[in-house]
$ cat work-v3.cif   # mmCIF, C-alpha atoms (C1' of nucleotides)
data_structure
#
loop_
_atom_site.group_PDB
_atom_site.id
_atom_site.type_symbol
_atom_site.label_atom_id
_atom_site.label_comp_id
_atom_site.auth_asym_id
_atom_site.auth_seq_id
_atom_site.Cartn_x
_atom_site.Cartn_y
_atom_site.Cartn_z
ATOM 1 C CA MET A 1 189.402 392.555 115.476
ATOM 2 C CA GLU A 2 191.478 393.485 112.525
ATOM 3 C CA SER A 3 191.150 396.942 111.072
ATOM 4 C CA THR A 4 190.163 395.845 107.570
ATOM 5 C CA LEU A 5 187.429 393.568 108.932
ATOM 6 C CA ALA A 6 186.072 396.443 111.008
ATOM 7 C CA ILE A 7 186.077 398.673 107.939
ATOM 8 C CA ASP A 8 184.101 396.101 105.957
ATOM 9 C CA ALA A 9 181.527 395.892 108.741
ATOM 10 C CA LEU A 10 181.335 399.670 109.156
ATOM 11 C CA ALA A 11 180.986 400.212 105.413
ATOM 12 C CA ALA A 12 178.285 397.565 105.212
ATOM 13 C CA LEU A 13 176.214 399.315 107.884
ATOM 14 C CA ALA A 14 176.886 402.819 106.557
ATOM 15 C CA GLN A 15 174.106 402.645 103.995
ATOM 16 C CA PRO A 16 170.434 403.336 104.754
ATOM 17 C CA THR A 17 168.889 400.323 103.018
ATOM 18 C CA ARG A 18 171.470 397.937 104.446
ATOM 19 C CA LEU A 19 171.235 399.345 107.951
ATOM 20 C CA ASP A 20 167.455 398.956 107.799
ATOM 21 C CA ALA A 21 167.812 395.405 106.516
ATOM 22 C CA PHE A 22 170.294 394.555 109.238
ATOM 23 C CA ARG A 23 168.102 395.993 111.968
ATOM 24 C CA LEU A 24 165.118 394.113 110.589
ATOM 25 C CA ILE A 25 167.038 390.846 110.558
ATOM 26 C CA MET A 26 168.279 391.556 114.081
ATOM 27 C CA LYS A 27 164.706 392.028 115.201
ATOM 28 C CA HIS A 28 163.868 388.558 113.938
ATOM 29 C CA GLU A 29 166.540 386.708 115.840
ATOM 30 C CA PRO A 30 166.877 383.826 116.208
ATOM 31 C CA ASN A 31 164.261 382.708 113.669
ATOM 32 C CA GLY A 32 165.711 384.588 110.735
ATOM 33 C CA LEU A 33 163.916 386.004 107.733
ATOM 34 C CA PRO A 34 163.755 384.931 104.070
ATOM 35 C CA ALA A 35 165.316 387.318 101.551
ATOM 36 C CA GLY A 36 162.002 388.041 99.894
ATOM 37 C CA GLU A 37 160.417 389.011 103.207
ATOM 38 C CA VAL A 38 163.210 391.493 103.866
ATOM 39 C CA ALA A 39 162.715 393.019 100.423
ATOM 40 C CA ARG A 40 158.944 393.119 100.804
ATOM 41 C CA LEU A 41 158.918 394.604 104.310
ATOM 42 C CA LEU A 42 161.351 397.346 103.308
ATOM 43 C CA ASP A 43 159.730 397.899 99.918
ATOM 44 C CA VAL A 44 162.887 397.348 97.888
ATOM 45 C CA PRO A 45 163.186 395.296 94.661
ATOM 46 C CA GLN A 46 164.372 391.750 95.303
ATOM 47 C CA ASN A 47 167.506 391.924 93.210
ATOM 48 C CA THR A 48 168.528 395.203 94.800
ATOM 49 C CA MET A 49 168.015 393.746 98.253
ATOM 50 C CA SER A 50 169.876 390.616 97.205
ATOM 51 C CA SER A 51 173.041 392.579 96.474
ATOM 52 C CA HIS A 52 172.726 394.452 99.762
ATOM 53 C CA LEU A 53 172.330 391.199 101.644
ATOM 54 C CA ALA A 54 175.402 389.916 99.822
ATOM 55 C CA VAL A 55 177.395 392.896 101.105
ATOM 56 C CA LEU A 56 176.238 392.296 104.673
ATOM 57 C CA THR A 57 177.117 388.627 104.282
ATOM 58 C CA ARG A 58 180.594 389.372 102.964
ATOM 59 C CA ALA A 59 181.081 391.659 105.953
ATOM 60 C CA GLY A 60 180.170 388.757 108.218
ATOM 61 C CA LEU A 61 177.230 390.571 109.783
ATOM 62 C CA ILE A 62 174.612 388.098 108.599
ATOM 63 C CA SER A 63 174.564 384.538 107.325
ATOM 64 C CA SER A 64 172.225 382.636 105.051
ATOM 65 C CA GLU A 65 170.830 379.143 104.981
ATOM 66 C CA ARG A 66 168.693 377.563 102.324
ATOM 67 C CA HIS A 67 165.310 376.272 103.473
ATOM 68 C CA SER A 68 163.620 374.642 100.504
ATOM 69 C CA ARG A 69 162.811 377.511 98.147
ATOM 70 C CA SER A 70 163.580 380.317 100.566
ATOM 71 C CA ILE A 71 166.932 381.507 101.792
ATOM 72 C CA ILE A 72 166.810 382.436 105.437
ATOM 73 C CA TYR A 73 169.039 385.245 106.670
ATOM 74 C CA ARG A 74 170.146 385.472 110.280
ATOM 75 C CA ALA A 75 172.231 387.998 112.174
ATOM 76 C CA GLU A 76 175.733 387.189 113.346
ATOM 77 C CA ILE A 77 175.513 388.713 116.772
ATOM 78 C CA ASP A 78 179.133 387.957 117.571
ATOM 79 C CA LYS A 79 180.145 390.252 114.766
ATOM 80 C CA VAL A 80 178.235 393.186 116.264
ATOM 81 C CA ARG A 81 179.863 392.441 119.577
ATOM 82 C CA GLU A 82 183.279 392.475 117.909
ATOM 83 C CA LEU A 83 182.502 395.718 116.131
ATOM 84 C CA ALA A 84 181.267 397.530 119.230
ATOM 85 C CA SER A 85 184.235 396.134 121.089
ATOM 86 C CA PHE A 86 186.542 397.417 118.378
ATOM 87 C CA LEU A 87 185.121 400.905 118.706
ATOM 88 C CA VAL A 88 185.442 400.936 122.457
ATOM 89 C CA THR A 89 188.890 399.368 122.511
ATOM 90 C CA ASP A 90 189.956 401.758 119.810
ATOM 91 C CA CYS A 91 188.683 404.667 121.805
ATOM 92 C CA CYS A 92 190.254 403.890 125.131
ATOM 93 C CA GLY A 93 193.387 402.219 123.795
ATOM 94 C CA GLY A 94 195.950 402.819 126.502
ATOM 95 C CA ARG A 95 193.668 405.250 128.307
ATOM 96 C CA PRO A 96 191.319 403.397 130.626
ATOM 97 C CA GLU A 97 189.918 406.570 132.133
ATOM 98 C CA LEU A 98 188.310 407.411 128.806
ATOM 99 C CA CYS A 99 186.336 404.225 128.360
ATOM 100 C CA GLU A 100 184.830 404.202 131.816
ATOM 101 C CA PRO A 101 181.833 406.331 130.784
ATOM 102 C CA LEU A 102 181.412 404.004 127.814
ATOM 103 C CA VAL A 103 181.099 401.000 130.061
ATOM 104 C CA ALA A 104 178.711 402.935 132.280
ATOM 105 C CA GLU A 105 176.522 403.411 129.238
ATOM 106 C CA PHE A 106 176.140 399.689 128.712
ATOM 107 C CA THR A 107 176.153 398.343 132.226
ATOM 108 C CA PRO A 108 172.638 399.457 133.264
ATOM 109 C CA CYS A 109 171.354 397.688 130.187
ATOM 110 C CA CYS A 110 170.244 394.079 130.602
ATOM 111 C CA VAL A 111 171.521 393.499 134.098
ATOM 112 C CA PRO A 112 169.925 390.312 135.320
ATOM 113 C CA GLY A 113 167.421 390.742 138.132
ATOM 114 C CA GLU A 114 166.600 394.279 137.170
ATOM 115 C CA GLY A 115 162.900 394.915 136.791
ATOM 116 C CA LYS A 116 162.910 397.365 133.926
ATOM 117 C CA ASN A 117 165.243 396.938 131.042
ATOM 118 C CA ALA A 118 166.595 400.138 129.537
ATOM 119 C CA CYS A 119 167.956 398.230 126.575
ATOM 120 C CA MET B 1 170.898 408.347 118.300
ATOM 121 C CA GLU B 2 169.177 408.954 115.051
ATOM 122 C CA SER B 3 169.744 406.588 112.211
ATOM 123 C CA THR B 4 171.106 409.144 109.762
ATOM 124 C CA LEU B 5 173.597 410.438 112.327
ATOM 125 C CA ALA B 6 174.791 406.903 112.944
ATOM 126 C CA ILE B 7 175.180 406.370 109.209
ATOM 127 C CA ASP B 8 177.303 409.510 108.896
ATOM 128 C CA ALA B 9 179.547 408.319 111.717
ATOM 129 C CA LEU B 10 179.787 404.784 110.335
ATOM 130 C CA ALA B 11 180.566 406.050 106.832
ATOM 131 C CA ALA B 12 183.199 408.401 108.191
ATOM 132 C CA LEU B 13 185.002 405.546 109.946
ATOM 133 C CA ALA B 14 184.585 403.083 107.076
ATOM 134 C CA GLN B 15 187.615 404.371 105.224
ATOM 135 C CA PRO B 16 191.212 403.307 105.970
ATOM 136 C CA THR B 17 192.846 406.725 106.011
ATOM 137 C CA ARG B 18 190.070 408.240 108.103
ATOM 138 C CA LEU B 19 189.954 405.343 110.542
ATOM 139 C CA ASP B 20 193.705 405.652 111.006
ATOM 140 C CA ALA B 21 193.406 409.390 111.515
ATOM 141 C CA PHE B 22 190.619 408.953 114.022
ATOM 142 C CA ARG B 23 192.524 406.330 115.981
ATOM 143 C CA LEU B 24 195.594 408.530 115.989
ATOM 144 C CA ILE B 25 193.615 411.492 117.285
ATOM 145 C CA MET B 26 191.993 409.264 119.886
ATOM 146 C CA LYS B 27 195.431 408.186 121.038
ATOM 147 C CA HIS B 28 196.340 411.800 121.667
ATOM 148 C CA GLU B 29 193.411 412.618 123.915
ATOM 149 C CA PRO B 30 192.984 415.023 125.536
ATOM 150 C CA ASN B 31 195.846 417.093 124.126
ATOM 151 C CA GLY B 32 194.759 416.875 120.531
ATOM 152 C CA LEU B 33 196.917 416.971 117.422
ATOM 153 C CA PRO B 34 197.454 419.624 114.736
ATOM 154 C CA ALA B 35 196.244 418.748 111.230
ATOM 155 C CA GLY B 36 199.753 418.790 109.819
ATOM 156 C CA GLU B 37 200.966 416.330 112.436
ATOM 157 C CA VAL B 38 198.182 413.927 111.532
ATOM 158 C CA ALA B 39 199.102 414.178 107.858
ATOM 159 C CA ARG B 40 202.815 413.789 108.571
ATOM 160 C CA LEU B 41 202.461 410.833 110.950
ATOM 161 C CA LEU B 42 200.215 408.956 108.512
ATOM 162 C CA ASP B 43 202.225 410.012 105.452
ATOM 163 C CA VAL B 44 199.306 411.561 103.585
ATOM 164 C CA PRO B 45 199.307 414.874 101.682
ATOM 165 C CA GLN B 46 198.007 417.763 103.771
ATOM 166 C CA ASN B 47 195.106 418.683 101.525
ATOM 167 C CA THR B 48 193.988 415.073 101.250
ATOM 168 C CA MET B 49 194.079 414.738 105.021
ATOM 169 C CA SER B 50 192.279 418.030 105.375
ATOM 170 C CA SER B 51 189.267 416.742 103.455
ATOM 171 C CA HIS B 52 189.247 413.541 105.502
ATOM 172 C CA LEU B 53 189.351 415.536 108.718
ATOM 173 C CA ALA B 54 186.461 417.598 107.380
ATOM 174 C CA VAL B 55 184.413 414.433 106.882
ATOM 175 C CA LEU B 56 185.153 413.245 110.422
ATOM 176 C CA THR B 57 184.224 416.700 111.710
ATOM 177 C CA ARG B 58 180.940 416.768 109.799
ATOM 178 C CA ALA B 59 180.185 413.348 111.301
ATOM 179 C CA GLY B 60 180.769 414.832 114.753
ATOM 180 C CA LEU B 61 183.560 412.405 115.601
ATOM 181 C CA ILE B 62 186.231 415.064 116.017
ATOM 182 C CA SER B 63 186.328 418.798 116.579
ATOM 183 C CA SER B 64 188.873 421.454 115.725
ATOM 184 C CA GLU B 65 190.184 424.524 117.463
ATOM 185 C CA ARG B 66 192.601 427.094 116.122
ATOM 186 C CA HIS B 67 195.750 427.587 118.142
ATOM 187 C CA SER B 68 197.755 430.374 116.505
ATOM 188 C CA ARG B 69 198.902 428.954 113.196
ATOM 189 C CA SER B 70 197.926 425.350 113.864
ATOM 190 C CA ILE B 71 194.474 423.830 113.994
ATOM 191 C CA ILE B 72 194.202 421.284 116.768
ATOM 192 C CA TYR B 73 191.922 418.288 116.290
ATOM 193 C CA ARG B 74 190.416 416.446 119.214
ATOM 194 C CA ALA B 75 188.194 413.394 119.472
ATOM 195 C CA GLU B 76 184.563 413.683 120.477
ATOM 196 C CA ILE B 77 184.423 410.724 122.785
ATOM 197 C CA ASP B 78 180.734 411.114 123.447
ATOM 198 C CA LYS B 79 180.095 410.444 119.791
ATOM 199 C CA VAL B 80 181.909 407.117 119.941
ATOM 200 C CA ARG B 81 179.913 406.246 123.004
ATOM 201 C CA GLU B 82 176.719 407.088 121.162
ATOM 202 C CA LEU B 83 177.762 405.049 118.166
ATOM 203 C CA ALA B 84 178.705 401.961 120.166
ATOM 204 C CA SER B 85 175.503 402.394 122.135
ATOM 205 C CA PHE B 86 173.540 402.617 118.899
ATOM 206 C CA LEU B 87 175.005 399.335 117.714
ATOM 207 C CA VAL B 88 174.264 397.557 120.952
ATOM 208 C CA THR B 89 170.785 399.019 121.352
ATOM 209 C CA ASP B 90 170.098 398.188 117.753
ATOM 210 C CA CYS B 91 171.217 394.662 118.296
ATOM 211 C CA CYS B 92 169.258 393.847 121.414
ATOM 212 C CA GLY B 93 166.245 396.016 120.687
ATOM 213 C CA GLY B 94 163.423 394.263 122.479
ATOM 214 C CA ARG B 95 165.593 391.236 123.163
ATOM 215 C CA PRO B 96 167.592 391.677 126.336
ATOM 216 C CA GLU B 97 168.914 388.132 126.305
ATOM 217 C CA LEU B 98 170.909 388.944 123.162
ATOM 218 C CA CYS B 99 172.816 391.913 124.511
ATOM 219 C CA GLU B 100 173.899 390.236 127.710
ATOM 220 C CA PRO B 101 177.083 388.788 126.153
ATOM 221 C CA LEU B 102 177.775 392.229 124.720
ATOM 222 C CA VAL B 103 177.716 393.798 128.119
ATOM 223 C CA ALA B 104 179.896 391.006 129.423
ATOM 224 C CA GLU B 105 182.431 391.946 126.788
ATOM 225 C CA PHE B 106 182.765 395.459 128.144
ATOM 226 C CA THR B 107 182.278 394.985 131.835
ATOM 227 C CA PRO B 108 185.691 393.472 132.667
ATOM 228 C CA CYS B 109 187.252 396.493 131.012
ATOM 229 C CA CYS B 110 188.050 399.460 133.204
ATOM 230 C CA VAL B 111 186.329 398.309 136.356
ATOM 231 C CA PRO B 112 187.570 400.508 139.160
ATOM 232 C CA GLY B 113 189.837 398.832 141.685
ATOM 233 C CA GLU B 114 190.987 396.211 139.254
ATOM 234 C CA GLY B 115 194.750 395.884 139.131
ATOM 235 C CA LYS B 116 195.288 395.015 135.522
ATOM 236 C CA ASN B 117 193.209 396.669 132.874
ATOM 237 C CA ALA B 118 192.320 394.576 129.873
ATOM 238 C CA CYS B 119 191.204 397.645 128.019
ATOM 239 C "C1'" DA C 1 158.501 367.366 81.549
ATOM 240 C "C1'" DC C 2 156.421 371.610 82.720
ATOM 241 C "C1'" DC C 3 155.206 375.668 85.382
ATOM 242 C "C1'" DC C 4 155.557 378.448 89.403
ATOM 243 C "C1'" DT C 5 158.055 380.612 93.162
ATOM 244 C "C1'" DA C 6 162.261 382.356 95.381
ATOM 245 C "C1'" DT C 7 166.587 384.097 94.796
ATOM 246 C "C1'" DT C 8 170.792 385.261 92.625
ATOM 247 C "C1'" DT C 9 173.918 386.799 88.845
ATOM 248 C "C1'" DC C 10 174.802 389.740 84.903
ATOM 249 C "C1'" DT C 11 174.919 394.136 83.126
ATOM 250 C "C1'" DA C 12 174.828 399.048 82.615
ATOM 251 C "C1'" DC C 13 173.758 403.582 84.181
ATOM 252 C "C1'" DG C 14 174.265 407.781 86.997
ATOM 253 C "C1'" DA C 15 175.953 409.279 91.550
ATOM 254 C "C1'" DT C 16 179.141 409.619 95.041
ATOM 255 C "C1'" DC C 17 183.879 408.993 96.878
ATOM 256 C "C1'" DG C 18 189.113 409.312 97.364
ATOM 257 C "C1'" DT C 19 192.897 411.589 95.729
ATOM 258 C "C1'" DG C 20 196.134 415.281 95.064
ATOM 259 C "C1'" DG C 21 197.834 419.529 92.229
ATOM 260 C "C1'" DA C 22 197.135 424.405 92.358
ATOM 261 C "C1'" DA C 23 195.517 428.377 94.450
ATOM 262 C "C1'" DA C 24 193.632 430.926 98.324
ATOM 263 C "C1'" DG C 25 193.148 432.025 103.271
ATOM 264 C "C1'" DA C 26 194.775 432.579 108.184
ATOM 265 C "C1'" DC C 27 198.259 433.768 111.254
ATOM 266 C "C1'" DC C 28 202.847 435.128 113.013
ATOM 267 C "C1'" DG C 29 207.546 437.318 112.959
ATOM 268 C "C1'" DT C 30 210.343 440.908 111.315
ATOM 269 C "C1'" DA D 1 204.259 445.424 104.146
ATOM 270 C "C1'" DC D 2 206.468 441.178 103.232
ATOM 271 C "C1'" DG D 3 207.943 436.252 103.515
ATOM 272 C "C1'" DG D 4 207.107 431.937 105.701
ATOM 273 C "C1'" DT D 5 204.226 428.419 107.842
ATOM 274 C "C1'" DC D 6 199.955 425.943 108.433
ATOM 275 C "C1'" DT D 7 195.703 424.775 106.689
ATOM 276 C "C1'" DT D 8 191.784 424.835 103.786
ATOM 277 C "C1'" DT D 9 189.137 425.349 99.379
ATOM 278 C "C1'" DC D 10 188.715 424.601 94.473
ATOM 279 C "C1'" DC D 11 188.921 421.563 90.824
ATOM 280 C "C1'" DA D 12 189.276 417.470 87.994
ATOM 281 C "C1'" DC D 13 190.323 412.704 87.407
ATOM 282 C "C1'" DG D 14 189.567 407.736 87.925
ATOM 283 C "C1'" DA D 15 187.398 404.357 91.014
ATOM 284 C "C1'" DT D 16 183.822 402.512 93.583
ATOM 285 C "C1'" DC D 17 178.883 402.359 94.929
ATOM 286 C "C1'" DG D 18 173.626 402.002 94.616
ATOM 287 C "C1'" DT D 19 170.148 400.840 91.700
ATOM 288 C "C1'" DA D 20 167.233 397.991 88.971
ATOM 289 C "C1'" DG D 21 165.949 395.613 84.341
ATOM 290 C "C1'" DA D 22 166.771 391.210 82.221
ATOM 291 C "C1'" DA D 23 168.307 386.690 82.311
ATOM 292 C "C1'" DA D 24 169.892 382.636 84.835
ATOM 293 C "C1'" DT D 25 169.678 379.271 88.737
ATOM 294 C "C1'" DA D 26 167.530 376.370 92.385
ATOM 295 C "C1'" DG D 27 163.774 373.996 94.279
ATOM 296 C "C1'" DG D 28 158.892 372.184 94.734
ATOM 297 C "C1'" DG D 29 154.258 370.844 92.961
ATOM 298 C "C1'" DT D 30 151.455 368.587 89.473
#
$ encode --input "work-v3.cif" --output "structure tokens"
Amino acid sequence: MESTLAIDALAALAQPTRLDAFRLIMKHEPNGLPAGEVARLLDVPQNTMSSHLAVLTRAGLISSERHSRSIIYRAEIDKVRELASFLVTDCCGGRPELCEPLVAEFTPCCVPGEGKNAC
Amino acid sequence: MESTLAIDALAALAQPTRLDAFRLIMKHEPNGLPAGEVARLLDVPQNTMSSHLAVLTRAGLISSERHSRSIIYRAEIDKVRELASFLVTDCCGGRPELCEPLVAEFTPCCVPGEGKNAC
DNA sequence: ACCCTATTTCTACGATCGTGGAAAGACCGT
DNA sequence: ACGGTCTTTCCACGATCGTAGAAATAGGGT
């Protein structure tokens, strides 16, 4: 992942209203959520939310699709994967021994066949 | 990880000069790097870099320690782990099937006993 | 054609951010 | 005590951001 793309994604998430909106949209995968619903659920004016959603879209973290009158927003999960990967790769670049604890953090999460899921 | 702490960390990294500085300091783990070196290597005035380093410090991503005349900056790797974990947890909250590909992204990296290290 | 709903675009305002000159603060050597 | 090095703090400037009112756009129902 290129540095400038990572910065756009980081900057997009580094804002309370947008982070909330992103998390909300994530929670509604893979159905998505209309823009008005996002604004209503987070109690933010529609036009304000619209510009925030535009920022998240420009950063590639969400995408939109028109569905008659509504515009449905969905999360771009690959982008989160890229971003987390960027952080980890960045951190252990050239130093594998540093990123081992990072991997350990994620591995117990979502292992198939495990009864409880820590994730 | 609390949301506001994550936002501070994200905002701190969402700036070119700071991201560069952070990556540079990461690269010099665990020895650390004096503030002046960071400024010199990235070709940024010392006082400008000083304020950026202060932001990264407030976000908990780096820490400083005086060593005679120099002030050595070191990365707080745990914080990166927390941040990456926050992103992943955020993403697959309640939906384990979504975070599986994320884990797959990290797992091949740094597995012990592997000859080549993709990380 | 008209109205209603859903959403965006335009615009402007105050607030915060990034930058770097100038000065001040630590620390060491002599 | 003094000069030199390393770093931070203070300050001010322009630039970007977050917000939301008002108007414009897109689509569906009658």
$ interface_residues --input "work-v3.cif" --of "chain C" --to "chain B" --cutoff "8 Å" --atoms "all atoms listed in the file" --output "short mmCIF file (atom, residue, chain, number, x, y, z; two decimals) with C-alpha atoms (C1' of nucleotides), keeping the file's coordinate frame"
data_model
loop_
_atom_site.label_atom_id
_atom_site.label_comp_id
_atom_site.auth_asym_id
_atom_site.auth_seq_id
_atom_site.Cartn_x
_atom_site.Cartn_y
_atom_site.Cartn_z
"C1'" DT C 19 192.90 411.59 95.73
"C1'" DG C 20 196.13 415.28 95.06
"C1'" DA C 26 194.78 432.58 108.18
"C1'" DC C 27 198.26 433.77 111.25
"C1'" DC C 28 202.85 435.13 113.01
#
$ interface_residues --input "work-v3.cif" --of "chain D" --to "chain A" --cutoff "12 Å" --atoms "only C-alpha atoms (C1' of nucleotides)" --output "number ranges by chain"
D: 17-22, 25-28
$ residues_around --input "work-v3.cif" --residues "Met26 of chain B" --least-positions-apart "3" --cutoff "7 Å" --atoms "only C-alpha atoms (C1' of nucleotides)" --output "NGL selection string"
(:A and (91)) or (:B and (22-23 or 29 or 75))
$ atom_distance --input "work-v3.cif" --atom1 "atom CA of Glu82 of chain B" --atom2 "atom CA of Thr4 of chain B"
12.9 Å
$ residues_near_point --input "work-v3.cif" --point "(192.6, 394.9, 110.1)" --cutoff "12 Å" --atoms "all atoms listed in the file" --output "list of chain:residue names"
A:Met1, A:Glu2, A:Ser3, A:Thr4, A:Leu5, A:Ala6, A:Ile7, A:Asp8, A:Ala9, A:Leu83, A:Phe86, B:Ala14, B:Gln15, B:Pro16, B:Leu19, B:Asp20
$ resolve_selection --input "work-v3.cif" --expression "the PyMOL selection byres ((chain D and resi 13) around 12)" --output "PyMOL selection string"
(chain C and resi 18-21) or (chain D and resi 11-12+14-15)
$ atom_distance --input "work-v3.cif" --atom1 "atom C1' of DG29 of chain C" --atom2 "atom CA of Gly36 of chain B"
20.3 Å
$ atom_distance --input "work-v3.cif" --atom1 "atom CA of Tyr73 of chain A" --atom2 "atom CA of Leu33 of chain A"
5.3 Å
$ axis_aligned_box --input "work-v3.cif" --around "segment 2-15 of chain D" --padding-each-side "5 Å" --output "lines of an AutoDock Vina configuration file"
center_x = 197.7
center_y = 422.8
center_z = 97.9
size_x = 30.5
size_y = 46.8
size_z = 31.0
$ residues_near_point --input "work-v3.cif" --point "(182.8, 389.6, 107.7)" --cutoff "8 Å" --atoms "all atoms listed in the file" --output "ChimeraX atom specification"
/A:5,8-9,56-61,79
$ closest_residue --input "work-v3.cif" --among "A:Glu65, A:Arg74, A:Arg40, A:Leu53" --to "His28 of chain A" --atoms "only C-alpha atoms"
A:Arg74
$ build_atoms --input "work-v3.cif" --residues "segment 78-89 of chain A" --atoms "N, CA and C atoms" --output "PDB file, keeping the file's coordinate frame"
ATOM      1  N   ASP A  78     177.734 387.847 117.147  1.00  0.00           N
ATOM      2  CA  ASP A  78     179.133 387.957 117.571  1.00  0.00           C
ATOM      3  C   ASP A  78     179.857 389.071 116.824  1.00  0.00           C
ATOM      4  N   LYS A  79     179.475 389.235 115.565  1.00  0.00           N
ATOM      5  CA  LYS A  79     180.145 390.252 114.766  1.00  0.00           C
ATOM      6  C   LYS A  79     179.839 391.658 115.291  1.00  0.00           C
ATOM      7  N   VAL A  80     178.605 391.885 115.691  1.00  0.00           N
ATOM      8  CA  VAL A  80     178.235 393.186 116.264  1.00  0.00           C
ATOM      9  C   VAL A  80     179.018 393.405 117.558  1.00  0.00           C
ATOM     10  N   ARG A  81     179.092 392.353 118.344  1.00  0.00           N
ATOM     11  CA  ARG A  81     179.863 392.441 119.577  1.00  0.00           C
ATOM     12  C   ARG A  81     181.305 392.828 119.268  1.00  0.00           C
ATOM     13  N   GLU A  82     181.903 392.157 118.299  1.00  0.00           N
ATOM     14  CA  GLU A  82     183.279 392.475 117.909  1.00  0.00           C
ATOM     15  C   GLU A  82     183.414 393.922 117.452  1.00  0.00           C
ATOM     16  N   LEU A  83     182.429 394.366 116.680  1.00  0.00           N
ATOM     17  CA  LEU A  83     182.502 395.718 116.131  1.00  0.00           C
ATOM     18  C   LEU A  83     182.388 396.764 117.242  1.00  0.00           C
ATOM     19  N   ALA A  84     181.420 396.597 118.106  1.00  0.00           N
ATOM     20  CA  ALA A  84     181.267 397.530 119.230  1.00  0.00           C
ATOM     21  C   ALA A  84     182.511 397.489 120.104  1.00  0.00           C
ATOM     22  N   SER A  85     183.018 396.291 120.295  1.00  0.00           N
ATOM     23  CA  SER A  85     184.235 396.134 121.089  1.00  0.00           C
ATOM     24  C   SER A  85     185.409 396.841 120.427  1.00  0.00           C
ATOM     25  N   PHE A  86     185.472 396.743 119.126  1.00  0.00           N
ATOM     26  CA  PHE A  86     186.542 397.417 118.378  1.00  0.00           C
ATOM     27  C   PHE A  86     186.484 398.925 118.587  1.00  0.00           C
ATOM     28  N   LEU A  87     185.275 399.461 118.511  1.00  0.00           N
ATOM     29  CA  LEU A  87     185.121 400.905 118.706  1.00  0.00           C
ATOM     30  C   LEU A  87     185.563 401.319 120.097  1.00  0.00           C
ATOM     31  N   VAL A  88     185.110 400.579 121.084  1.00  0.00           N
ATOM     32  CA  VAL A  88     185.442 400.936 122.457  1.00  0.00           C
ATOM     33  C   VAL A  88     186.934 400.770 122.718  1.00  0.00           C
ATOM     34  N   THR A  89     187.468 399.630 122.297  1.00  0.00           N
ATOM     35  CA  THR A  89     188.890 399.368 122.511  1.00  0.00           C
ATOM     36  C   THR A  89     189.730 400.424 121.817  1.00  0.00           C
TER      37      THR A  89
END
